[in-house]
file data_15.csv (CSV, N, CA, C and O atoms)
chain,number,residue,atom,x,y,z
A,1,MET,N,-5.1,12.5,-0.1
A,1,MET,CA,-5.0,11.0,-0.1
A,1,MET,C,-5.4,10.5,1.3
A,1,MET,O,-4.9,10.9,2.3
A,2,ASP,N,-6.4,9.6,1.3
A,2,ASP,CA,-6.8,8.9,2.5
A,2,ASP,C,-6.1,7.6,2.6
A,2,ASP,O,-5.9,6.9,1.6
A,3,ILE,N,-5.8,7.2,3.8
A,3,ILE,CA,-5.2,5.9,4.1
A,3,ILE,C,-6.1,5.2,5.1
A,3,ILE,O,-6.3,5.8,6.2
A,4,ALA,N,-6.7,4.0,4.8
A,4,ALA,CA,-7.5,3.3,5.7
A,4,ALA,C,-6.7,2.1,6.2
A,4,ALA,O,-6.2,1.3,5.3
A,5,LEU,N,-6.5,1.9,7.5
A,5,LEU,CA,-5.9,0.7,8.0
A,5,LEU,C,-6.9,-0.2,8.6
A,5,LEU,O,-7.7,0.2,9.4
A,6,ILE,N,-6.9,-1.5,8.1
A,6,ILE,CA,-7.9,-2.5,8.5
A,6,ILE,C,-7.2,-3.6,9.1
A,6,ILE,O,-6.2,-4.2,8.6
A,7,ARG,N,-7.6,-4.0,10.3
A,7,ARG,CA,-7.0,-5.2,11.0
A,7,ARG,C,-7.8,-6.4,10.7
A,7,ARG,O,-9.0,-6.4,10.5
A,8,HIS,N,-7.1,-7.5,10.6
A,8,HIS,CA,-7.7,-8.8,10.3
A,8,HIS,C,-8.4,-9.3,11.6
A,8,HIS,O,-8.2,-8.8,12.7
A,9,PRO,N,-9.4,-10.3,11.4
A,9,PRO,CA,-10.0,-10.9,12.5
A,9,PRO,C,-9.0,-11.6,13.4
A,9,PRO,O,-7.9,-12.0,12.9
A,10,GLU,N,-9.4,-11.9,14.6
A,10,GLU,CA,-8.5,-12.6,15.5
A,10,GLU,C,-8.2,-14.0,15.1
A,10,GLU,O,-9.1,-14.8,14.7
A,11,PRO,N,-6.9,-14.4,15.0
A,11,PRO,CA,-6.6,-15.7,14.5
A,11,PRO,C,-7.0,-16.8,15.5
A,11,PRO,O,-7.3,-16.5,16.7
A,12,GLN,N,-7.0,-18.0,15.1
A,12,GLN,CA,-7.3,-19.2,15.8
A,12,GLN,C,-6.4,-19.4,17.0
A,12,GLN,O,-5.2,-19.3,16.9
A,13,GLY,N,-6.9,-19.5,18.2
A,13,GLY,CA,-6.2,-19.8,19.4
A,13,GLY,C,-5.3,-18.6,19.9
A,13,GLY,O,-4.3,-18.8,20.6
A,14,ALA,N,-5.7,-17.4,19.5
A,14,ALA,CA,-4.8,-16.2,19.7
A,14,ALA,C,-5.2,-15.4,21.0
A,14,ALA,O,-4.5,-14.5,21.3
A,15,ALA,N,-6.3,-15.8,21.6
A,15,ALA,CA,-6.7,-15.0,22.8
A,15,ALA,C,-5.6,-14.9,23.8
A,15,ALA,O,-5.1,-15.9,24.3
A,16,GLY,N,-5.2,-13.7,24.1
A,16,GLY,CA,-4.1,-13.4,25.1
A,16,GLY,C,-2.7,-13.8,24.6
A,16,GLY,O,-1.8,-13.7,25.4
A,17,LEU,N,-2.5,-14.1,23.4
A,17,LEU,CA,-1.3,-14.5,22.8
A,17,LEU,C,-0.7,-13.4,22.0
A,17,LEU,O,-1.4,-12.8,21.1
A,18,CYS,N,0.6,-13.1,22.1
A,18,CYS,CA,1.3,-12.1,21.2
A,18,CYS,C,1.9,-13.0,20.1
A,18,CYS,O,2.9,-13.6,20.3
A,19,TYR,N,1.2,-13.1,19.0
A,19,TYR,CA,1.6,-14.0,17.9
A,19,TYR,C,2.5,-13.3,16.9
A,19,TYR,O,3.1,-14.1,16.1
A,20,GLY,N,2.7,-12.0,16.9
A,20,GLY,CA,3.7,-11.4,16.1
A,20,GLY,C,3.8,-11.9,14.7
A,20,GLY,O,2.8,-11.9,13.9
A,21,SER,N,4.9,-12.4,14.3
A,21,SER,CA,5.2,-12.8,12.9
A,21,SER,C,4.8,-14.3,12.7
A,21,SER,O,4.9,-14.8,11.6
A,22,SER,N,4.2,-15.0,13.7
A,22,SER,CA,3.8,-16.3,13.4
A,22,SER,C,2.6,-16.3,12.4
A,22,SER,O,1.7,-15.4,12.5
A,23,ASP,N,2.6,-17.2,11.5
A,23,ASP,CA,1.6,-17.2,10.4
A,23,ASP,C,0.4,-18.1,10.9
A,23,ASP,O,0.2,-19.2,10.4
A,24,ILE,N,-0.4,-17.5,11.8
A,24,ILE,CA,-1.5,-18.2,12.3
A,24,ILE,C,-2.7,-18.0,11.5
A,24,ILE,O,-3.0,-16.9,11.0
A,25,ALA,N,-3.4,-19.1,11.2
A,25,ALA,CA,-4.6,-19.0,10.3
A,25,ALA,C,-5.8,-18.5,11.0
A,25,ALA,O,-5.9,-18.4,12.3
A,26,LEU,N,-6.8,-18.0,10.2
A,26,LEU,CA,-8.1,-17.6,10.7
A,26,LEU,C,-8.9,-18.8,10.7
A,26,LEU,O,-9.0,-19.6,9.8
A,27,PRO,N,-9.7,-19.1,11.8
A,27,PRO,CA,-10.6,-20.2,11.8
A,27,PRO,C,-11.8,-19.9,10.9
A,27,PRO,O,-12.1,-18.8,10.6
A,28,PRO,N,-12.4,-21.0,10.4
A,28,PRO,CA,-13.5,-20.8,9.5
A,28,PRO,C,-14.6,-19.9,10.0
A,28,PRO,O,-15.3,-19.2,9.3
A,29,ASP,N,-14.9,-19.9,11.3
A,29,ASP,CA,-16.0,-19.1,11.9
A,29,ASP,C,-15.6,-17.6,12.0
A,29,ASP,O,-16.4,-16.8,12.4
A,30,ARG,N,-14.3,-17.3,11.7
A,30,ARG,CA,-13.9,-15.9,11.7
A,30,ARG,C,-13.5,-15.4,10.3
A,30,ARG,O,-12.6,-14.6,10.2
A,31,SER,N,-14.2,-15.9,9.3
A,31,SER,CA,-14.0,-15.4,8.0
A,31,SER,C,-14.2,-13.9,7.9
A,31,SER,O,-15.2,-13.4,8.5
A,32,PRO,N,-13.4,-13.2,7.1
A,32,PRO,CA,-13.7,-11.8,6.9
A,32,PRO,C,-15.0,-11.5,6.3
A,32,PRO,O,-15.4,-12.2,5.3
A,33,ASP,N,-15.8,-10.6,6.9
A,33,ASP,CA,-17.1,-10.2,6.3
A,33,ASP,C,-16.9,-9.0,5.5
A,33,ASP,O,-17.0,-7.9,5.9
A,34,ALA,N,-16.5,-9.3,4.2
A,34,ALA,CA,-16.1,-8.2,3.3
A,34,ALA,C,-17.3,-7.2,3.0
A,34,ALA,O,-17.1,-6.0,3.0
A,35,ALA,N,-18.5,-7.8,2.9
A,35,ALA,CA,-19.7,-7.0,2.6
A,35,ALA,C,-19.9,-6.0,3.7
A,35,ALA,O,-20.2,-4.8,3.5
A,36,ALA,N,-19.8,-6.4,5.0
A,36,ALA,CA,-20.0,-5.5,6.1
A,36,ALA,C,-18.9,-4.5,6.2
A,36,ALA,O,-19.2,-3.3,6.5
A,37,LEU,N,-17.7,-4.9,5.9
A,37,LEU,CA,-16.6,-3.9,5.9
A,37,LEU,C,-16.7,-2.9,4.8
A,37,LEU,O,-16.5,-1.7,5.0
A,38,HIS,N,-17.2,-3.3,3.6
A,38,HIS,CA,-17.4,-2.3,2.5
A,38,HIS,C,-18.5,-1.3,2.9
A,38,HIS,O,-18.4,-0.1,2.6
A,39,ALA,N,-19.5,-1.8,3.6
A,39,ALA,CA,-20.6,-0.9,4.0
A,39,ALA,C,-20.1,0.1,5.0
A,39,ALA,O,-20.4,1.3,5.0
A,40,LYS,N,-19.2,-0.4,5.9
A,40,LYS,CA,-18.7,0.5,6.9
A,40,LYS,C,-17.8,1.6,6.3
A,40,LYS,O,-17.8,2.8,6.6
A,41,LEU,N,-16.9,1.1,5.3
A,41,LEU,CA,-16.1,2.1,4.6
A,41,LEU,C,-16.9,3.1,3.8
A,41,LEU,O,-16.5,4.3,3.8
A,42,ALA,N,-18.0,2.7,3.2
A,42,ALA,CA,-18.9,3.6,2.5
A,42,ALA,C,-19.5,4.6,3.5
A,42,ALA,O,-19.6,5.8,3.1
A,43,ARG,N,-19.9,4.2,4.7
A,43,ARG,CA,-20.5,5.1,5.6
A,43,ARG,C,-19.4,6.1,6.1
A,43,ARG,O,-19.8,7.3,6.4
A,44,LEU,N,-18.2,5.8,6.0
A,44,LEU,CA,-17.1,6.7,6.4
A,44,LEU,C,-16.7,7.6,5.2
A,44,LEU,O,-15.9,8.4,5.3
A,45,GLY,N,-17.3,7.4,4.1
A,45,GLY,CA,-17.1,8.2,2.9
A,45,GLY,C,-15.8,7.8,2.1
A,45,GLY,O,-15.3,8.6,1.4
A,46,LEU,N,-15.3,6.6,2.4
A,46,LEU,CA,-14.1,6.1,1.7
A,46,LEU,C,-14.5,5.4,0.4
A,46,LEU,O,-15.2,4.4,0.4
A,47,ALA,N,-14.0,5.9,-0.7
A,47,ALA,CA,-14.2,5.3,-2.0
A,47,ALA,C,-13.3,4.0,-2.2
A,47,ALA,O,-12.4,3.8,-1.4
A,48,ALA,N,-13.6,3.3,-3.3
A,48,ALA,CA,-12.7,2.2,-3.6
A,48,ALA,C,-11.3,2.7,-3.7
A,48,ALA,O,-11.0,3.7,-4.3
A,49,PRO,N,-10.3,1.9,-3.2
A,49,PRO,CA,-8.9,2.4,-3.1
A,49,PRO,C,-8.2,2.2,-4.5
A,49,PRO,O,-8.6,1.4,-5.3
A,50,ALA,N,-7.2,3.1,-4.7
A,50,ALA,CA,-6.4,2.9,-5.9
A,50,ALA,C,-5.5,1.7,-5.7
A,50,ALA,O,-5.1,1.0,-6.7
A,51,ARG,N,-5.1,1.4,-4.4
A,51,ARG,CA,-4.2,0.3,-4.1
A,51,ARG,C,-4.8,-0.4,-2.9
A,51,ARG,O,-5.3,0.2,-2.0
A,52,LEU,N,-4.6,-1.7,-2.8
A,52,LEU,CA,-4.9,-2.5,-1.6
A,52,LEU,C,-3.7,-3.3,-1.3
A,52,LEU,O,-3.2,-4.2,-2.0
A,53,VAL,N,-3.0,-2.9,-0.2
A,53,VAL,CA,-1.7,-3.5,0.1
A,53,VAL,C,-1.8,-4.2,1.5
A,53,VAL,O,-2.4,-3.7,2.4
A,54,SER,N,-1.2,-5.4,1.6
A,54,SER,CA,-1.4,-6.2,2.7
A,54,SER,C,-0.1,-6.9,3.1
A,54,SER,O,0.8,-7.2,2.3
A,55,SER,N,0.0,-7.3,4.4
A,55,SER,CA,1.0,-8.2,4.8
A,55,SER,C,0.8,-9.6,4.1
A,55,SER,O,-0.3,-9.9,3.8
A,56,PRO,N,1.9,-10.3,3.8
A,56,PRO,CA,1.7,-11.6,3.2
A,56,PRO,C,1.2,-12.7,4.1
A,56,PRO,O,0.9,-13.8,3.6
A,57,LEU,N,1.2,-12.5,5.4
A,57,LEU,CA,0.8,-13.5,6.4
A,57,LEU,C,-0.7,-13.9,6.1
A,57,LEU,O,-1.5,-13.0,5.7
A,58,GLN,N,-1.0,-15.1,6.2
A,58,GLN,CA,-2.3,-15.6,5.7
A,58,GLN,C,-3.5,-14.9,6.4
A,58,GLN,O,-4.5,-14.7,5.7
A,59,ARG,N,-3.4,-14.5,7.6
A,59,ARG,CA,-4.5,-13.9,8.3
A,59,ARG,C,-4.8,-12.5,7.6
A,59,ARG,O,-6.0,-12.1,7.5
A,60,CYS,N,-3.8,-11.9,7.2
A,60,CYS,CA,-3.9,-10.6,6.5
A,60,CYS,C,-4.3,-10.7,5.0
A,60,CYS,O,-5.2,-10.0,4.5
A,61,ALA,N,-3.6,-11.7,4.4
A,61,ALA,CA,-3.8,-11.9,3.0
A,61,ALA,C,-5.3,-12.4,2.7
A,61,ALA,O,-5.9,-12.0,1.7
A,62,ARG,N,-5.8,-13.2,3.6
A,62,ARG,CA,-7.2,-13.7,3.5
A,62,ARG,C,-8.1,-12.5,3.6
A,62,ARG,O,-9.1,-12.4,2.8
A,63,MET,N,-7.9,-11.6,4.4
A,63,MET,CA,-8.7,-10.4,4.6
A,63,MET,C,-8.6,-9.5,3.3
A,63,MET,O,-9.7,-9.1,2.8
A,64,ALA,N,-7.4,-9.3,2.8
A,64,ALA,CA,-7.2,-8.5,1.6
A,64,ALA,C,-7.9,-9.1,0.4
A,64,ALA,O,-8.6,-8.4,-0.4
A,65,ARG,N,-7.8,-10.4,0.2
A,65,ARG,CA,-8.5,-11.1,-0.9
A,65,ARG,C,-10.0,-11.1,-0.8
A,65,ARG,O,-10.7,-10.9,-1.8
A,66,ALA,N,-10.5,-11.2,0.4
A,66,ALA,CA,-11.9,-11.1,0.6
A,66,ALA,C,-12.4,-9.7,0.2
A,66,ALA,O,-13.5,-9.5,-0.4
A,67,LEU,N,-11.7,-8.6,0.6
A,67,LEU,CA,-12.1,-7.3,0.3
A,67,LEU,C,-12.1,-7.1,-1.3
A,67,LEU,O,-13.0,-6.5,-1.8
A,68,ALA,N,-11.0,-7.6,-1.9
A,68,ALA,CA,-10.9,-7.4,-3.4
A,68,ALA,C,-11.9,-8.2,-4.1
A,68,ALA,O,-12.4,-7.8,-5.2
A,69,GLY,N,-12.3,-9.4,-3.6
A,69,GLY,CA,-13.1,-10.3,-4.3
A,69,GLY,C,-14.6,-10.2,-4.0
A,69,GLY,O,-15.4,-10.9,-4.6
A,70,ALA,N,-15.0,-9.3,-3.1
A,70,ALA,CA,-16.4,-9.2,-2.6
A,70,ALA,C,-17.2,-8.7,-3.7
A,70,ALA,O,-16.8,-7.7,-4.4
A,71,ALA,N,-18.4,-9.2,-3.9
A,71,ALA,CA,-19.4,-8.7,-4.9
A,71,ALA,C,-19.7,-7.2,-4.6
A,71,ALA,O,-20.1,-6.5,-5.5
A,72,ALA,N,-19.6,-6.8,-3.3
A,72,ALA,CA,-19.9,-5.5,-2.9
A,72,ALA,C,-18.8,-4.5,-3.2
A,72,ALA,O,-18.8,-3.4,-2.8
A,73,ALA,N,-17.8,-5.0,-3.9
A,73,ALA,CA,-16.5,-4.2,-4.1
A,73,ALA,C,-16.2,-3.9,-5.6
A,73,ALA,O,-15.1,-4.2,-6.0
A,74,PRO,N,-17.1,-3.4,-6.3
A,74,PRO,CA,-16.7,-3.1,-7.7
A,74,PRO,C,-15.6,-2.1,-7.7
A,74,PRO,O,-15.7,-1.1,-7.0
A,75,GLY,N,-14.6,-2.3,-8.6
A,75,GLY,CA,-13.6,-1.3,-8.7
A,75,GLY,C,-12.4,-1.5,-7.7
A,75,GLY,O,-11.5,-0.7,-7.8
A,76,TYR,N,-12.5,-2.5,-6.8
A,76,TYR,CA,-11.4,-2.7,-5.9
A,76,TYR,C,-10.3,-3.5,-6.7
A,76,TYR,O,-10.5,-4.4,-7.4
A,77,PRO,N,-9.0,-3.0,-6.5
A,77,PRO,CA,-7.9,-3.7,-7.2
A,77,PRO,C,-7.5,-5.0,-6.5
A,77,PRO,O,-7.9,-5.2,-5.4
A,78,ALA,N,-6.8,-5.8,-7.2
A,78,ALA,CA,-6.2,-7.0,-6.6
A,78,ALA,C,-5.2,-6.6,-5.5
A,78,ALA,O,-4.6,-5.6,-5.7
A,79,PRO,N,-5.2,-7.3,-4.5
A,79,PRO,CA,-4.2,-7.0,-3.4
A,79,PRO,C,-2.8,-7.1,-3.8
A,79,PRO,O,-2.4,-8.0,-4.6
A,80,GLU,N,-1.9,-6.3,-3.3
A,80,GLU,CA,-0.5,-6.4,-3.4
A,80,GLU,C,0.0,-6.9,-2.0
A,80,GLU,O,-0.5,-6.4,-1.0
A,81,PHE,N,1.0,-7.8,-2.0
A,81,PHE,CA,1.5,-8.3,-0.7
A,81,PHE,C,2.9,-7.8,-0.5
A,81,PHE,O,3.8,-8.0,-1.4
A,82,ALA,N,3.1,-7.0,0.5
A,82,ALA,CA,4.4,-6.4,0.8
A,82,ALA,C,5.0,-6.9,2.0
A,82,ALA,O,4.5,-6.9,3.1
A,83,GLU,N,6.2,-7.4,1.9
A,83,GLU,CA,7.0,-8.0,3.0
A,83,GLU,C,7.2,-6.9,4.1
A,83,GLU,O,7.3,-7.2,5.3
A,84,ALA,N,7.3,-5.6,3.7
A,84,ALA,CA,7.5,-4.5,4.7
A,84,ALA,C,6.3,-4.4,5.6
A,84,ALA,O,6.5,-3.8,6.7
A,85,LEU,N,5.2,-5.0,5.3
A,85,LEU,CA,4.0,-4.9,6.2
A,85,LEU,C,3.9,-6.2,7.1
A,85,LEU,O,3.0,-6.3,7.9
A,86,ARG,N,4.8,-7.1,6.9
A,86,ARG,CA,4.8,-8.3,7.7
A,86,ARG,C,5.0,-7.9,9.2
A,86,ARG,O,5.8,-7.1,9.5
A,87,GLU,N,4.3,-8.6,10.1
A,87,GLU,CA,4.4,-8.3,11.5
A,87,GLU,C,5.8,-8.6,11.9
A,87,GLU,O,6.5,-9.5,11.4
A,88,ARG,N,6.3,-7.9,12.9
A,88,ARG,CA,7.7,-8.1,13.4
A,88,ARG,C,7.8,-9.3,14.3
A,88,ARG,O,6.9,-9.6,15.0
A,89,HIS,N,9.0,-9.8,14.4
A,89,HIS,CA,9.3,-10.9,15.3
A,89,HIS,C,9.9,-10.3,16.5
A,89,HIS,O,10.8,-9.6,16.5
A,90,PHE,N,9.2,-10.6,17.7
A,90,PHE,CA,9.6,-10.0,18.9
A,90,PHE,C,10.5,-10.9,19.8
A,90,PHE,O,10.8,-10.6,20.9
A,91,GLY,N,10.9,-12.1,19.2
A,91,GLY,CA,11.7,-13.0,19.9
A,91,GLY,C,11.0,-13.8,20.9
A,91,GLY,O,9.8,-13.8,21.0
A,92,ASN,N,11.7,-14.6,21.7
A,92,ASN,CA,11.1,-15.5,22.7
A,92,ASN,C,10.7,-14.6,23.9
A,92,ASN,O,10.1,-15.0,24.8
call {"tool": "encode", "arguments": {"input": "data_15.csv", "output": "structure tokens"}}
result
Amino acid sequence: MDIALIRHPEPQGAAGLCYGSSDIALPPDRSPDAAALHAKLARLGLAAPARLVSSPLQRCARMARALAGAAAAPGYPAPEFAEALRERHFGN
């Protein structure tokens, strides 16, 4: 079983910021490029996943939905959103 970990694009206003569990949006100019990501996964020899699991935070959920909904992604399952993958709160 292979596990691929994919990080979301940088959120809006996040340069140099530890945003942790804050639900910061992705700006429109940083939309996930699902087609490019699918091409990269294919070059790595990774087939369509049996499961696509994501943090429920919007920056991660948007990436997961883009992956599942891309025209370049036949056979990709709908994403599952798991609270256990939510980024941790590091306090003030």
call {"tool": "closest_residue", "arguments": {"input": "data_15.csv", "among": "A:Gly45, A:Leu67, A:Ala15, A:Ile6", "to": "Pro32 in chain A", "atoms": "only N, CA, C and O atoms"}}
result
A:Leu67
call {"tool": "residues_around", "arguments": {"input": "data_15.csv", "residues": "Ser22 in chain A", "least_positions_apart": "4", "cutoff": "9 Å", "atoms": "only C-alpha atoms", "output": "list in words"}}
result
Leu57, Glu87 and His89 of chain A
call {"tool": "atom_distance", "arguments": {"input": "data_15.csv", "atom1": "atom O of Pro28 in chain A", "atom2": "atom N of His8 in chain A"}}
result
14.3 Å
call {"tool": "residues_around", "arguments": {"input": "data_15.csv", "residues": "Phe81 in chain A", "least_positions_apart": "4", "cutoff": "7 Å", "atoms": "all atoms listed in the file", "output": "compact mmCIF listing (two decimals) with N, CA, C and O atoms, in the coordinates of the input"}}
result
# COMPACT_ATOMS: atom_id res chain seq x y z
N LEU A 52 -4.60 -1.70 -2.80
CA LEU A 52 -4.90 -2.50 -1.60
C LEU A 52 -3.70 -3.30 -1.30
O LEU A 52 -3.20 -4.20 -2.00
N VAL A 53 -3.00 -2.90 -0.20
CA VAL A 53 -1.70 -3.50 0.10
C VAL A 53 -1.80 -4.20 1.50
O VAL A 53 -2.40 -3.70 2.40
N SER A 54 -1.20 -5.40 1.60
CA SER A 54 -1.40 -6.20 2.70
C SER A 54 -0.10 -6.90 3.10
O SER A 54 0.80 -7.20 2.30
N SER A 55 0.00 -7.30 4.40
CA SER A 55 1.00 -8.20 4.80
C SER A 55 0.80 -9.60 4.10
O SER A 55 -0.30 -9.90 3.80
N PRO A 56 1.90 -10.30 3.80
CA PRO A 56 1.70 -11.60 3.20
C PRO A 56 1.20 -12.70 4.10
O PRO A 56 0.90 -13.80 3.60
N LEU A 85 5.20 -5.00 5.30
CA LEU A 85 4.00 -4.90 6.20
C LEU A 85 3.90 -6.20 7.10
O LEU A 85 3.00 -6.30 7.90
call {"tool": "residues_around", "arguments": {"input": "data_15.csv", "residues": "Pro77 in chain A", "least_positions_apart": "6", "cutoff": "8 Å", "atoms": "only C-alpha atoms", "output": "list in words"}}
result
Pro49, Ala50, Arg51, Leu52 and Ala68 of chain A
call {"tool": "atom_distance", "arguments": {"input": "data_15.csv", "atom1": "CA of Gly69 in chain A", "atom2": "CA of Gln12 in chain A"}}
result
22.7 Å
